[in-house]
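Q: Data: protein-v6.cif, mmCIF, N, CA and C atoms and all ligand atoms.
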data_upload
#
loop_
_atom_site.label_atom_id
_atom_site.label_comp_id
_atom_site.auth_asym_id
_atom_site.auth_seq_id
_atom_site.Cartn_x
_atom_site.Cartn_y
_atom_site.Cartn_z
N MET A 1 120.26 118.01 89.01
CA MET A 1 119.18 117.83 89.97
C MET A 1 119.77 117.48 91.32
N ASN A 2 119.27 118.11 92.37
CA ASN A 2 119.72 117.83 93.73
C ASN A 2 119.01 116.59 94.24
N ASN A 3 119.77 115.56 94.53
CA ASN A 3 119.18 114.34 95.06
C ASN A 3 119.36 114.34 96.56
N SER A 4 118.33 114.79 97.28
CA SER A 4 118.45 114.92 98.73
C SER A 4 118.33 113.59 99.44
N GLY A 5 117.87 112.56 98.74
CA GLY A 5 117.79 111.24 99.34
C GLY A 5 116.69 111.08 100.38
N GLN A 6 115.77 112.02 100.43
CA GLN A 6 114.69 111.90 101.40
C GLN A 6 113.64 110.93 100.87
N ILE A 7 113.29 109.98 101.70
CA ILE A 7 112.35 108.94 101.29
C ILE A 7 111.06 109.08 102.09
N ARG A 8 109.95 109.03 101.39
CA ARG A 8 108.64 109.09 102.03
C ARG A 8 107.82 107.89 101.56
N GLN A 9 107.01 107.35 102.45
CA GLN A 9 106.18 106.22 102.10
C GLN A 9 104.81 106.70 101.63
N MET A 10 104.35 106.16 100.52
CA MET A 10 103.03 106.48 100.00
C MET A 10 101.99 105.71 100.83
N ASP A 11 100.88 106.38 101.17
CA ASP A 11 99.86 105.69 101.97
C ASP A 11 98.89 104.91 101.08
N LYS A 12 97.86 104.34 101.70
CA LYS A 12 96.94 103.44 100.98
C LYS A 12 96.23 104.10 99.82
N VAL A 13 96.00 105.42 99.92
CA VAL A 13 95.27 106.11 98.85
C VAL A 13 96.20 106.92 97.94
N GLY A 14 97.50 106.68 98.05
CA GLY A 14 98.46 107.29 97.13
C GLY A 14 99.04 108.61 97.57
N ARG A 15 98.77 109.04 98.81
CA ARG A 15 99.28 110.33 99.27
C ARG A 15 100.73 110.20 99.74
N VAL A 16 101.48 111.25 99.45
CA VAL A 16 102.88 111.34 99.90
C VAL A 16 103.09 112.74 100.45
N ALA A 17 103.66 112.86 101.62
CA ALA A 17 103.94 114.19 102.19
C ALA A 17 105.20 114.75 101.56
N VAL A 18 105.15 116.02 101.18
CA VAL A 18 106.34 116.70 100.65
C VAL A 18 107.19 117.10 101.85
N PRO A 19 108.46 116.68 101.89
CA PRO A 19 109.31 117.00 103.04
C PRO A 19 109.38 118.51 103.31
N VAL A 20 109.46 118.87 104.59
CA VAL A 20 109.52 120.28 104.99
C VAL A 20 110.66 121.00 104.28
N SER A 21 111.82 120.36 104.19
CA SER A 21 112.96 121.04 103.57
C SER A 21 112.69 121.36 102.10
N VAL A 22 111.97 120.48 101.42
CA VAL A 22 111.61 120.73 100.01
C VAL A 22 110.62 121.88 99.93
N ARG A 23 109.61 121.86 100.84
CA ARG A 23 108.62 122.94 100.84
C ARG A 23 109.27 124.28 101.09
N LYS A 24 110.20 124.31 102.06
CA LYS A 24 110.88 125.58 102.37
C LYS A 24 111.75 126.04 101.22
N THR A 25 112.48 125.12 100.63
CA THR A 25 113.38 125.48 99.52
C THR A 25 112.60 126.06 98.34
N LEU A 26 111.45 125.46 98.04
CA LEU A 26 110.67 125.90 96.88
C LEU A 26 109.60 126.92 97.23
N GLY A 27 109.44 127.22 98.53
CA GLY A 27 108.44 128.19 98.95
C GLY A 27 107.02 127.69 98.79
N LEU A 28 106.84 126.39 98.90
CA LEU A 28 105.51 125.80 98.74
C LEU A 28 104.71 126.01 100.01
N VAL A 29 103.46 126.37 99.84
CA VAL A 29 102.56 126.57 100.99
C VAL A 29 101.29 125.77 100.76
N PRO A 30 100.55 125.45 101.84
CA PRO A 30 99.30 124.71 101.68
C PRO A 30 98.38 125.42 100.68
N GLY A 31 97.78 124.65 99.80
CA GLY A 31 96.90 125.22 98.78
C GLY A 31 97.58 125.37 97.43
N ASP A 32 98.93 125.32 97.41
CA ASP A 32 99.62 125.38 96.11
C ASP A 32 99.26 124.13 95.32
N ASN A 33 99.16 124.28 94.00
CA ASN A 33 98.91 123.13 93.14
C ASN A 33 100.24 122.59 92.65
N LEU A 34 100.33 121.27 92.62
CA LEU A 34 101.54 120.60 92.15
C LEU A 34 101.17 119.75 90.94
N GLU A 35 102.08 119.67 90.00
CA GLU A 35 101.83 118.92 88.77
C GLU A 35 102.76 117.72 88.71
N PHE A 36 102.17 116.54 88.52
CA PHE A 36 102.96 115.32 88.35
C PHE A 36 103.18 115.10 86.86
N SER A 37 104.38 114.70 86.50
CA SER A 37 104.62 114.26 85.13
C SER A 37 105.61 113.10 85.19
N ILE A 38 105.65 112.35 84.14
CA ILE A 38 106.49 111.16 84.10
C ILE A 38 107.56 111.35 83.03
N SER A 39 108.79 111.04 83.39
CA SER A 39 109.90 111.08 82.45
C SER A 39 110.63 109.75 82.55
N GLY A 40 110.40 108.90 81.58
CA GLY A 40 110.97 107.54 81.65
C GLY A 40 110.37 106.82 82.84
N ASP A 41 111.24 106.39 83.77
CA ASP A 41 110.75 105.70 84.97
C ASP A 41 110.75 106.62 86.18
N LYS A 42 110.82 107.94 85.95
CA LYS A 42 110.84 108.90 87.05
C LYS A 42 109.55 109.72 87.10
N VAL A 43 109.14 110.07 88.30
CA VAL A 43 108.00 110.95 88.51
C VAL A 43 108.54 112.32 88.86
N LEU A 44 108.14 113.32 88.11
CA LEU A 44 108.56 114.70 88.39
C LEU A 44 107.40 115.44 89.02
N LEU A 45 107.70 116.24 90.01
CA LEU A 45 106.69 117.00 90.72
C LEU A 45 107.13 118.45 90.73
N GLN A 46 106.28 119.33 90.21
CA GLN A 46 106.64 120.75 90.18
C GLN A 46 105.43 121.60 90.47
N ARG A 47 105.72 122.83 90.90
CA ARG A 47 104.64 123.78 91.15
C ARG A 47 103.86 123.96 89.86
N TYR A 48 102.53 123.90 89.95
CA TYR A 48 101.70 124.07 88.77
C TYR A 48 101.38 125.54 88.58
N THR A 49 101.72 126.06 87.44
CA THR A 49 101.35 127.43 87.11
C THR A 49 100.49 127.39 85.86
N LYS A 50 99.42 128.14 85.90
CA LYS A 50 98.54 128.18 84.75
C LYS A 50 99.22 129.00 83.66
N THR A 51 99.30 128.42 82.47
CA THR A 51 99.92 129.10 81.35
C THR A 51 98.93 129.15 80.19
N CYS A 52 99.11 130.14 79.36
CA CYS A 52 98.24 130.32 78.18
C CYS A 52 98.46 129.15 77.22
N LEU A 53 97.38 128.53 76.80
CA LEU A 53 97.46 127.39 75.88
C LEU A 53 98.08 127.79 74.55
N LEU A 54 97.89 129.05 74.12
CA LEU A 54 98.34 129.47 72.79
C LEU A 54 99.76 130.00 72.78
N CYS A 55 100.15 130.81 73.77
CA CYS A 55 101.48 131.42 73.71
C CYS A 55 102.41 130.98 74.85
N GLY A 56 101.85 130.36 75.88
CA GLY A 56 102.69 129.82 76.94
C GLY A 56 103.02 130.76 78.09
N THR A 57 102.59 132.02 78.01
CA THR A 57 102.91 132.95 79.09
C THR A 57 102.11 132.58 80.35
N ASP A 58 102.64 133.00 81.50
CA ASP A 58 101.88 132.80 82.74
C ASP A 58 101.38 134.14 83.27
N HIS A 59 101.48 135.20 82.43
CA HIS A 59 101.06 136.54 82.84
C HIS A 59 99.61 136.78 82.43
N ASP A 60 98.79 137.22 83.37
CA ASP A 60 97.41 137.63 83.10
C ASP A 60 96.60 136.51 82.44
N VAL A 61 96.68 135.33 83.01
CA VAL A 61 96.00 134.15 82.46
C VAL A 61 94.72 133.89 83.24
N SER A 62 93.65 133.56 82.52
CA SER A 62 92.38 133.25 83.18
C SER A 62 91.70 132.10 82.44
N PRO A 63 90.76 131.42 83.12
CA PRO A 63 90.09 130.28 82.49
C PRO A 63 89.19 130.72 81.35
N TYR A 64 89.07 129.88 80.36
CA TYR A 64 88.26 130.13 79.18
C TYR A 64 87.57 128.82 78.83
N ARG A 65 86.25 128.86 78.78
CA ARG A 65 85.49 127.64 78.48
C ARG A 65 85.22 127.59 76.99
N THR A 66 85.48 126.44 76.40
CA THR A 66 85.28 126.29 74.97
C THR A 66 84.64 124.93 74.70
N GLU A 67 83.86 124.87 73.62
CA GLU A 67 83.22 123.61 73.25
C GLU A 67 84.08 122.88 72.23
N THR A 68 84.28 121.61 72.47
CA THR A 68 85.01 120.76 71.53
C THR A 68 84.10 119.60 71.16
N ILE A 69 84.55 118.76 70.25
CA ILE A 69 83.72 117.61 69.88
C ILE A 69 83.55 116.65 71.05
N ARG A 70 84.41 116.76 72.05
CA ARG A 70 84.30 115.89 73.23
C ARG A 70 83.54 116.56 74.37
N GLY A 71 83.01 117.76 74.12
CA GLY A 71 82.25 118.46 75.16
C GLY A 71 82.93 119.75 75.58
N VAL A 72 82.41 120.34 76.65
CA VAL A 72 82.96 121.61 77.12
C VAL A 72 84.28 121.35 77.83
N ARG A 73 85.25 122.19 77.54
CA ARG A 73 86.58 122.03 78.12
C ARG A 73 87.04 123.39 78.63
N GLU A 74 87.70 123.40 79.77
CA GLU A 74 88.24 124.66 80.30
C GLU A 74 89.73 124.72 79.99
N ILE A 75 90.11 125.79 79.30
CA ILE A 75 91.52 126.01 78.99
C ILE A 75 91.92 127.35 79.61
N TYR A 76 93.18 127.69 79.56
CA TYR A 76 93.65 128.97 80.08
C TYR A 76 94.24 129.79 78.93
N LEU A 77 93.82 131.05 78.86
CA LEU A 77 94.33 131.97 77.84
C LEU A 77 94.75 133.27 78.51
N CYS A 78 95.78 133.90 77.96
CA CYS A 78 96.18 135.22 78.46
C CYS A 78 95.26 136.27 77.83
N ARG A 79 95.31 137.47 78.38
CA ARG A 79 94.43 138.54 77.89
C ARG A 79 94.67 138.82 76.40
N SER A 80 95.94 138.85 75.99
CA SER A 80 96.28 139.15 74.61
C SER A 80 95.70 138.10 73.65
N CYS A 81 95.89 136.83 73.97
CA CYS A 81 95.37 135.77 73.09
C CYS A 81 93.85 135.74 73.11
N ARG A 82 93.27 136.03 74.28
CA ARG A 82 91.81 136.07 74.38
C ARG A 82 91.27 137.18 73.47
N ASN A 83 91.93 138.35 73.46
CA ASN A 83 91.51 139.45 72.59
C ASN A 83 91.67 139.09 71.12
N ASN A 84 92.79 138.44 70.79
CA ASN A 84 93.01 138.02 69.39
C ASN A 84 91.96 137.01 68.96
N LEU A 85 91.59 136.12 69.86
CA LEU A 85 90.57 135.12 69.56
C LEU A 85 89.22 135.80 69.32
N ALA A 86 88.91 136.80 70.14
CA ALA A 86 87.64 137.53 69.97
C ALA A 86 87.61 138.24 68.63
N LYS A 87 88.75 138.85 68.23
CA LYS A 87 88.82 139.52 66.92
C LYS A 87 88.63 138.52 65.79
N ALA A 88 89.25 137.35 65.90
CA ALA A 88 89.11 136.32 64.86
C ALA A 88 87.67 135.84 64.77
N GLU A 89 87.01 135.73 65.90
CA GLU A 89 85.60 135.30 65.89
C GLU A 89 84.72 136.37 65.25
N GLU A 90 85.06 137.66 65.49
CA GLU A 90 84.30 138.73 64.85
C GLU A 90 84.48 138.67 63.34
N MET A 91 85.71 138.43 62.87
CA MET A 91 86.00 138.35 61.43
C MET A 91 85.24 137.17 60.79
N ARG A 92 85.12 136.07 61.53
CA ARG A 92 84.46 134.89 61.02
C ARG A 92 82.97 135.15 60.77
N ASP A 93 82.40 136.05 61.58
CA ASP A 93 80.97 136.34 61.47
C ASP A 93 80.64 137.17 60.23
N TYR A 94 81.66 137.79 59.59
CA TYR A 94 81.37 138.61 58.40
C TYR A 94 81.32 137.76 57.15
ZN ZN A 101 98.58 133.85 75.22
#
Take the structure from the file and write it as structure tokens.
Ligand SMILES: [Zn+2]

A:
Amino acid sequence: MNNSGQIRQMDKVGRVAVPVSVRKTLGLVPGDNLEFSISGDKVLLQRYTKTCLLCGTDHDVSPYRTETIRGVREIYLCRSCRNNLAKAEEMRDY
């Protein structure tokens, strides 16, 4: 991991500006989604890409609303898994 040593202060509502050099290096532009995750005592920040919940691909992924015992939840599925799910649901109806 490249430790550039750039320090930014978090404001009162928790916002932190991503340094210009980091944005340029990673090609981040306004509107990109970033994902926070925690590893031990470190916070990791990476570009968020929607991936299929079932197979993990990021190709041809779209939102899919499903009902769970906790209510309606939006997940992401690729076209292939969505088609397989539709076939399984058709089989269940027989
Ligand atoms: Zn998939």

Q: Please identify all protein, DNA and RNA residues within 8 Å of ligand ZN 101 (chain A), counting all atoms listed in the file, and report them as a list in words.

A: Thr51, Cys52, Leu53, Leu54, Cys55, Gly56, Thr57, Asp58, His59, Asp60, Val61, Tyr76, Leu77, Cys78, Arg79, Ser80, Cys81 and Arg82 of chain A

Q: Skip Asn33 (chain A) itself and residues of its chain fewer than 3 positions away, then list as a ChimeraX atom specification all residues within 8 Å of it, counting only N, CA and C atoms.

A: /A:29-30,36,46-49

Q: One decimal, Å: what's the distance from atom N of Asp41 (chain A) over to atom N of Val13 (chain A), could you say?

A: 22.2 Å

Q: Please measure the separation of CA of Val22 (chain A) and CA of Gly40 (chain A), giving the value in Å to one decimal.

A: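 According to the coordinates, CA of Val22 (chain A) and CA of Gly40 (chain A) are separated by 22.6 Å.
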
Q: Would you please give, as number ranges by chain, all residues of chain A that DSSP assigns to helix (DSSP H, G or I) based on the backbone?

A: A: 20-26, 79-92

Q: List the spatial neighbours of region 73-75 of chain A as number ranges by chain - criterion: any atom at most 8 Å away, only C-alpha atoms, same-chain residues fewer than 5 positions off excluded.

A: A: 53, 63-68

Q: Could you write out that same residue set with N, CA and C atoms as a short mmCIF file (atom, residue, chain, number, x, y, z; two decimals), keeping the file's coordinate frame?

A:
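Wrote part32.cif, looks like this:
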data_model
loop_
_atom_site.label_atom_id
_atom_site.label_comp_id
_atom_site.auth_asym_id
_atom_site.auth_seq_id
_atom_site.Cartn_x
_atom_site.Cartn_y
_atom_site.Cartn_z
N LEU A 53 97.38 128.53 76.80
CA LEU A 53 97.46 127.39 75.88
C LEU A 53 98.08 127.79 74.55
N PRO A 63 90.76 131.42 83.12
CA PRO A 63 90.09 130.28 82.49
C PRO A 63 89.19 130.72 81.35
N TYR A 64 89.07 129.88 80.36
CA TYR A 64 88.26 130.13 79.18
C TYR A 64 87.57 128.82 78.83
N ARG A 65 86.25 128.86 78.78
CA ARG A 65 85.49 127.64 78.48
C ARG A 65 85.22 127.59 76.99
N THR A 66 85.48 126.44 76.40
CA THR A 66 85.28 126.29 74.97
C THR A 66 84.64 124.93 74.70
N GLU A 67 83.86 124.87 73.62
CA GLU A 67 83.22 123.61 73.25
C GLU A 67 84.08 122.88 72.23
N THR A 68 84.28 121.61 72.47
CA THR A 68 85.01 120.76 71.53
C THR A 68 84.10 119.60 71.16
#

Q: Which distance in Å separates CA of Val43 (chain A) and CA of Gly31 (chain A), to one decimal?

A: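 According to the coordinates, CA of Val43 (chain A) and CA of Gly31 (chain A) are separated by 20.8 Å.
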
Q: Dump as a list in words all residues having an atom at most 6 Å from (102.0, 116.9, 90.0), computed in the file's coordinates with all atoms listed in the file.

A: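 Final list of nearby residues, as requested, is Leu34, Glu35, Phe36, Ser37, Leu44, Leu45 and Gln46 of chain A.
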
Q: Limited to N, CA and C atoms, could you put the picked residues into a file as a PDB file, in the coordinates of the input?

A:
ATOM      1  N   LEU A  34     100.330 121.270  92.620  1.00  0.00           N
ATOM      2  CA  LEU A  34     101.540 120.600  92.150  1.00  0.00           C
ATOM      3  C   LEU A  34     101.170 119.750  90.940  1.00  0.00           C
ATOM      4  N   GLU A  35     102.080 119.670  90.000  1.00  0.00           N
ATOM      5  CA  GLU A  35     101.830 118.920  88.770  1.00  0.00           C
ATOM      6  C   GLU A  35     102.760 117.720  88.710  1.00  0.00           C
ATOM      7  N   PHE A  36     102.170 116.540  88.520  1.00  0.00           N
ATOM      8  CA  PHE A  36     102.960 115.320  88.350  1.00  0.00           C
ATOM      9  C   PHE A  36     103.180 115.100  86.860  1.00  0.00           C
ATOM     10  N   SER A  37     104.380 114.700  86.500  1.00  0.00           N
ATOM     11  CA  SER A  37     104.620 114.260  85.130  1.00  0.00           C
ATOM     12  C   SER A  37     105.610 113.100  85.190  1.00  0.00           C
ATOM     13  N   LEU A  44     108.140 113.320  88.110  1.00  0.00           N
ATOM     14  CA  LEU A  44     108.560 114.700  88.390  1.00  0.00           C
ATOM     15  C   LEU A  44     107.400 115.440  89.020  1.00  0.00           C
ATOM     16  N   LEU A  45     107.700 116.240  90.010  1.00  0.00           N
ATOM     17  CA  LEU A  45     106.690 117.000  90.720  1.00  0.00           C
ATOM     18  C   LEU A  45     107.130 118.450  90.730  1.00  0.00           C
ATOM     19  N   GLN A  46     106.280 119.330  90.210  1.00  0.00           N
ATOM     20  CA  GLN A  46     106.640 120.750  90.180  1.00  0.00           C
ATOM     21  C   GLN A  46     105.430 121.600  90.470  1.00  0.00           C
TER      22      GLN A  46
END

Q: Which of region 3-54 of chain A end up as strand (DSSP E) when DSSP is run on this backbone - answer as a list in words?

A: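 Filtering region 3-54 of chain A to strand (DSSP E) leaves Leu34, Glu35, Phe36, Ser37, Ile38, Ser39, Lys42, Val43, Leu44, Leu45, Gln46 and Arg47 of chain A.
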